[in-house]
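Below is one structure; the comments refer to it alone.
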Amino acid sequence: MLTLENVSYSYTGRSSRVDVLHGVTCTFEQGKFYTIQGPSGCGKSTMLSLMAALDHPQEGRILYDGTPLKEIKTARYRHSCVTTIFQRFNLLTYATVIENVMYPQLLNGVKAAEARKAAAELLAKVDIAESLHKRLPRNLSGGEQQRVAIARALAAGAKVILADEPTGNLDEENSRRVVAILKQLVREKDGQPGSGKTIIMVTHDGDLAKEADVMYSLRGGMLRVVEA
Ligand SMILES: Nc1ncnc2c1ncn2[C@@H]1O[C@H](COP(=O)(O)OP(=O)(O)OP(=O)(O)O)[C@@H](O)[C@H]1O
Ligand SMILES: [Mg+2]
């Protein structure tokens, strides 16, 4: 589904160069939950940004369903193939909870009534009560905001969800809840909204990382499988 072939990446400034990834090769299959651990600054966010096509590797290539990202229209890719959730929930501040989740579908040209219905279903799926639909995100707890962000990622319809420390701002109970929801999205069978996603989650939490089907560690620019 998403493949990295010998990917190397450096940040280059006028007088400096930071080598971050050295020949990373791996495949992320559909319907699996992956975690990536590694020390601060080792390149985890960089790797996700390459997979999100926010930037391109200097060497090697990334393929989505067998097609190199460079050959896929970036707007389409970011909209319907891969979506990212972050540690800070990045919801639209002046839109209500349900409007946040409707937004990706409205952008896709879906009619408002239909987008609202789909958004309500997705919010139910991530355990957000109807009484919260009309609130602004800042009036929700961190855990609730992150669940809304997941619903919004699902509304975009992307098959791959990249999650960069999605539990970084949450307490243990809310972290577990978010990970349980992500795992459920991976397991669900076709036909159910959000079914069979591929999820790649960066985390500093070793216990949460163990929830993965495949656990990776990034160190010295190289990605390795961690045996459970
Ligand atoms: N725009 C940039 N220009 C130059 N160097 C950068 C830039 N962004 C990141 N870096 C450097 O690249 C390296 C990898 O950064 P990255 O953000 O990918 O690490 P990370 O593994 O996500 O770390 P953390 O766990 O702290 O989030 C770091 O050394 C960082 O300082
Ligand atoms: Mg990071």
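Each chain in the structure tokens gets a letter, A, B, ..., in the order shown, and its residues are numbered from 1; ligands are numbered from 1 in order too.
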
Nearby residues (only C-alpha atoms) at most 9 Å from A:Asp127, same-chain spacing under 5 positions excluded, as a ChimeraX atom specification: /A:122,144,147

Keeping N, CA and C atoms, export the residues of the selection given above as a compact mmCIF listing (two decimals), in the first residue's frame.
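The new file again.txt reads:
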```txt
# COMPACT_ATOMS: atom_id res chain seq x y z
N LEU A 122 -19.56 9.45 12.03
CA LEU A 122 -18.15 9.33 12.39
C LEU A 122 -17.92 9.77 13.83
N GLU A 144 -11.16 14.50 23.89
CA GLU A 144 -12.30 14.68 22.98
C GLU A 144 -11.84 15.34 21.68
N ARG A 147 -10.22 12.90 19.45
CA ARG A 147 -11.17 11.98 18.82
C ARG A 147 -11.90 12.68 17.67
```

Those of stretch 10-174 of chain A in DSSP strand (DSSP E or B), formatted as a ChimeraX atom specification: /A:10-12,17-28,33-37,59-64,67-68,82-85,160-164

The selected residues should be written to file as a compact mmCIF listing (two decimals), in the first residue's frame (atoms: N, CA and C atoms).
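The resulting file, out20.txt, is shown below:
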```txt
# COMPACT_ATOMS: atom_id res chain seq x y z
N SER A 10 17.91 14.70 3.71
CA SER A 10 18.67 15.66 4.53
C SER A 10 18.00 17.02 4.43
N TYR A 11 18.10 17.78 5.51
CA TYR A 11 17.72 19.20 5.46
C TYR A 11 18.97 19.96 5.08
N THR A 12 18.89 20.79 4.08
CA THR A 12 20.08 21.56 3.71
C THR A 12 19.81 23.05 3.84
N ARG A 17 24.06 21.15 6.81
CA ARG A 17 23.27 20.05 6.27
C ARG A 17 23.01 19.05 7.40
N VAL A 18 21.75 18.66 7.55
CA VAL A 18 21.41 17.66 8.57
C VAL A 18 20.92 16.41 7.86
N ASP A 19 21.70 15.34 7.96
CA ASP A 19 21.27 14.07 7.36
C ASP A 19 20.31 13.40 8.32
N VAL A 20 19.12 13.10 7.84
CA VAL A 20 18.11 12.56 8.75
C VAL A 20 17.81 11.08 8.46
N LEU A 21 17.51 10.75 7.22
CA LEU A 21 17.18 9.35 6.89
C LEU A 21 18.23 8.78 5.95
N HIS A 22 18.62 7.53 6.23
CA HIS A 22 19.64 6.89 5.40
C HIS A 22 19.11 5.58 4.83
N GLY A 23 18.63 5.61 3.64
CA GLY A 23 18.22 4.37 2.98
C GLY A 23 17.15 3.60 3.72
N VAL A 24 16.06 4.26 4.05
CA VAL A 24 14.95 3.59 4.74
C VAL A 24 14.11 2.81 3.72
N THR A 25 13.95 1.52 3.98
CA THR A 25 13.14 0.67 3.11
C THR A 25 12.11 -0.05 3.97
N CYS A 26 10.85 0.07 3.62
CA CYS A 26 9.82 -0.68 4.35
C CYS A 26 8.49 -0.59 3.61
N THR A 27 7.59 -1.49 3.97
CA THR A 27 6.25 -1.50 3.36
C THR A 27 5.21 -1.46 4.46
N PHE A 28 4.24 -0.58 4.27
CA PHE A 28 3.11 -0.51 5.20
C PHE A 28 1.90 -1.08 4.47
N PHE A 33 -1.70 -1.92 11.79
CA PHE A 33 -1.39 -0.82 12.71
C PHE A 33 0.11 -0.86 13.01
N TYR A 34 0.79 0.21 12.64
CA TYR A 34 2.25 0.29 12.83
C TYR A 34 2.58 1.38 13.84
N THR A 35 3.61 1.15 14.62
CA THR A 35 4.11 2.25 15.46
C THR A 35 5.58 2.47 15.16
N ILE A 36 5.99 3.72 15.31
CA ILE A 36 7.40 4.09 15.13
C ILE A 36 7.86 4.80 16.40
N GLN A 37 8.92 4.27 16.99
CA GLN A 37 9.52 4.89 18.16
C GLN A 37 10.92 5.36 17.81
N GLU A 59 17.00 10.92 -2.20
CA GLU A 59 17.30 9.63 -2.82
C GLU A 59 16.19 8.65 -2.50
N GLY A 60 16.01 7.69 -3.39
CA GLY A 60 15.00 6.67 -3.19
C GLY A 60 13.63 7.20 -3.56
N ARG A 61 12.61 6.38 -3.33
CA ARG A 61 11.27 6.85 -3.68
C ARG A 61 10.21 6.22 -2.77
N ILE A 62 9.04 6.83 -2.81
CA ILE A 62 7.91 6.34 -2.01
C ILE A 62 6.79 6.03 -2.99
N LEU A 63 6.17 4.87 -2.81
CA LEU A 63 5.09 4.47 -3.72
C LEU A 63 3.80 4.28 -2.94
N TYR A 64 2.70 4.72 -3.55
CA TYR A 64 1.38 4.49 -2.97
C TYR A 64 0.64 3.56 -3.92
N THR A 67 2.34 3.24 -7.21
CA THR A 67 2.65 4.41 -8.03
C THR A 67 3.54 5.38 -7.25
N PRO A 68 4.66 5.81 -7.85
CA PRO A 68 5.53 6.76 -7.15
C PRO A 68 4.77 8.04 -6.81
N VAL A 82 -3.81 9.89 1.87
CA VAL A 82 -3.11 9.90 3.16
C VAL A 82 -3.51 11.14 3.94
N THR A 83 -3.80 10.98 5.20
CA THR A 83 -4.13 12.14 6.01
C THR A 83 -3.35 12.06 7.34
N THR A 84 -3.10 13.20 7.94
CA THR A 84 -2.25 13.22 9.13
C THR A 84 -3.00 13.78 10.33
N ILE A 85 -2.78 13.18 11.49
CA ILE A 85 -3.24 13.81 12.73
C ILE A 85 -2.01 14.10 13.61
N VAL A 160 -4.84 5.78 4.44
CA VAL A 160 -3.69 5.73 5.35
C VAL A 160 -3.78 6.92 6.31
N ILE A 161 -3.68 6.64 7.59
CA ILE A 161 -3.65 7.72 8.57
C ILE A 161 -2.27 7.75 9.23
N LEU A 162 -1.61 8.89 9.09
CA LEU A 162 -0.32 9.10 9.74
C LEU A 162 -0.61 9.86 11.03
N ALA A 163 -0.12 9.36 12.13
CA ALA A 163 -0.42 10.00 13.41
C ALA A 163 0.90 10.32 14.10
N ASP A 164 1.18 11.61 14.24
CA ASP A 164 2.45 12.04 14.83
C ASP A 164 2.24 12.36 16.31
```

Rank nothing, just name the residue among A:Thr167, A:Thr3, A:Gln58, A:Ser217 nearest to A:Ala180, using only C-alpha atoms. A:Thr167

Could I get the residue neighbourhood of ligand 2 at 8 Å, counting only C-alpha atoms and all ligand atoms, as a PyMOL selection string? chain A and resi 40-41+43-46+164-165+202

Residues near stretch 93-110 of chain A, cut-off 6 Å, only C-alpha atoms, skip fewer than 4 positions along chain, as JSON, numbers by chain: {"A": [115, 116, 119, 133, 134, 135, 136, 137, 152, 156]}

N, CA and C atoms of the current selection, written as an mmCIF file, in the first residue's frame:
```cif
data_model
loop_
_atom_site.group_PDB
_atom_site.id
_atom_site.type_symbol
_atom_site.label_atom_id
_atom_site.label_comp_id
_atom_site.auth_asym_id
_atom_site.auth_seq_id
_atom_site.Cartn_x
_atom_site.Cartn_y
_atom_site.Cartn_z
ATOM 1 N N ALA A 115 -23.113 15.517 4.184
ATOM 2 C CA ALA A 115 -21.865 15.629 4.945
ATOM 3 C C ALA A 115 -22.166 15.630 6.440
ATOM 4 N N ARG A 116 -23.268 16.285 6.832
ATOM 5 C CA ARG A 116 -23.647 16.357 8.240
ATOM 6 C C ARG A 116 -24.000 14.975 8.776
ATOM 7 N N ALA A 119 -20.837 13.000 9.079
ATOM 8 C CA ALA A 119 -20.033 13.504 10.198
ATOM 9 C C ALA A 119 -20.609 13.001 11.521
ATOM 10 N N HIS A 133 -21.673 18.278 19.609
ATOM 11 C CA HIS A 133 -21.548 18.601 18.175
ATOM 12 C C HIS A 133 -21.468 20.091 17.874
ATOM 13 N N LYS A 134 -22.195 20.891 18.660
ATOM 14 C CA LYS A 134 -22.264 22.316 18.336
ATOM 15 C C LYS A 134 -21.282 23.158 19.131
ATOM 16 N N ARG A 135 -20.431 22.506 19.911
ATOM 17 C CA ARG A 135 -19.422 23.271 20.670
ATOM 18 C C ARG A 135 -18.245 23.632 19.773
ATOM 19 N N LEU A 136 -17.503 24.633 20.221
ATOM 20 C CA LEU A 136 -16.237 24.927 19.566
ATOM 21 C C LEU A 136 -15.180 23.990 20.153
ATOM 22 N N PRO A 137 -14.187 23.608 19.350
ATOM 23 C CA PRO A 137 -13.180 22.654 19.825
ATOM 24 C C PRO A 137 -12.534 23.052 21.150
ATOM 25 N N ARG A 152 -12.408 13.605 11.769
ATOM 26 C CA ARG A 152 -12.179 14.460 10.604
ATOM 27 C C ARG A 152 -11.244 13.772 9.603
ATOM 28 N N ALA A 156 -12.216 12.531 5.482
ATOM 29 C CA ALA A 156 -11.496 12.784 4.240
ATOM 30 C C ALA A 156 -11.465 11.527 3.369
#
```

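Of note, atom 27 (O, counted along the ligand's line) of ligand 1 and atom CA of A:Gln87 are spaced 9.7 Å apart.
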
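Minimum distance to ligand 1 across A:Ser80, A:Gln30, A:Asn174, A:Thr203 (counting only C-alpha atoms and all ligand atoms) occurs at A:Thr203.
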
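In terms of minimum interatomic distance to A:Glu172, A:Asp207 ranks closest within A:Gln145, A:Asp207, A:Cys42, A:Lys159, counting only C-alpha atoms.
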
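Every protein or nucleic acid residue with an atom no more than 12 Å from A:Lys70, counting only C-alpha atoms and leaving out same-chain residues fewer than 4 positions away, appears here: Leu50, Met51, Ala52, Ala53, Leu54, Asp55, His56, Pro57, Gly60, Arg61, Ile62, Leu63, Tyr64, Gly66, Thr74, Ala75 and Tyr77 of chain A.
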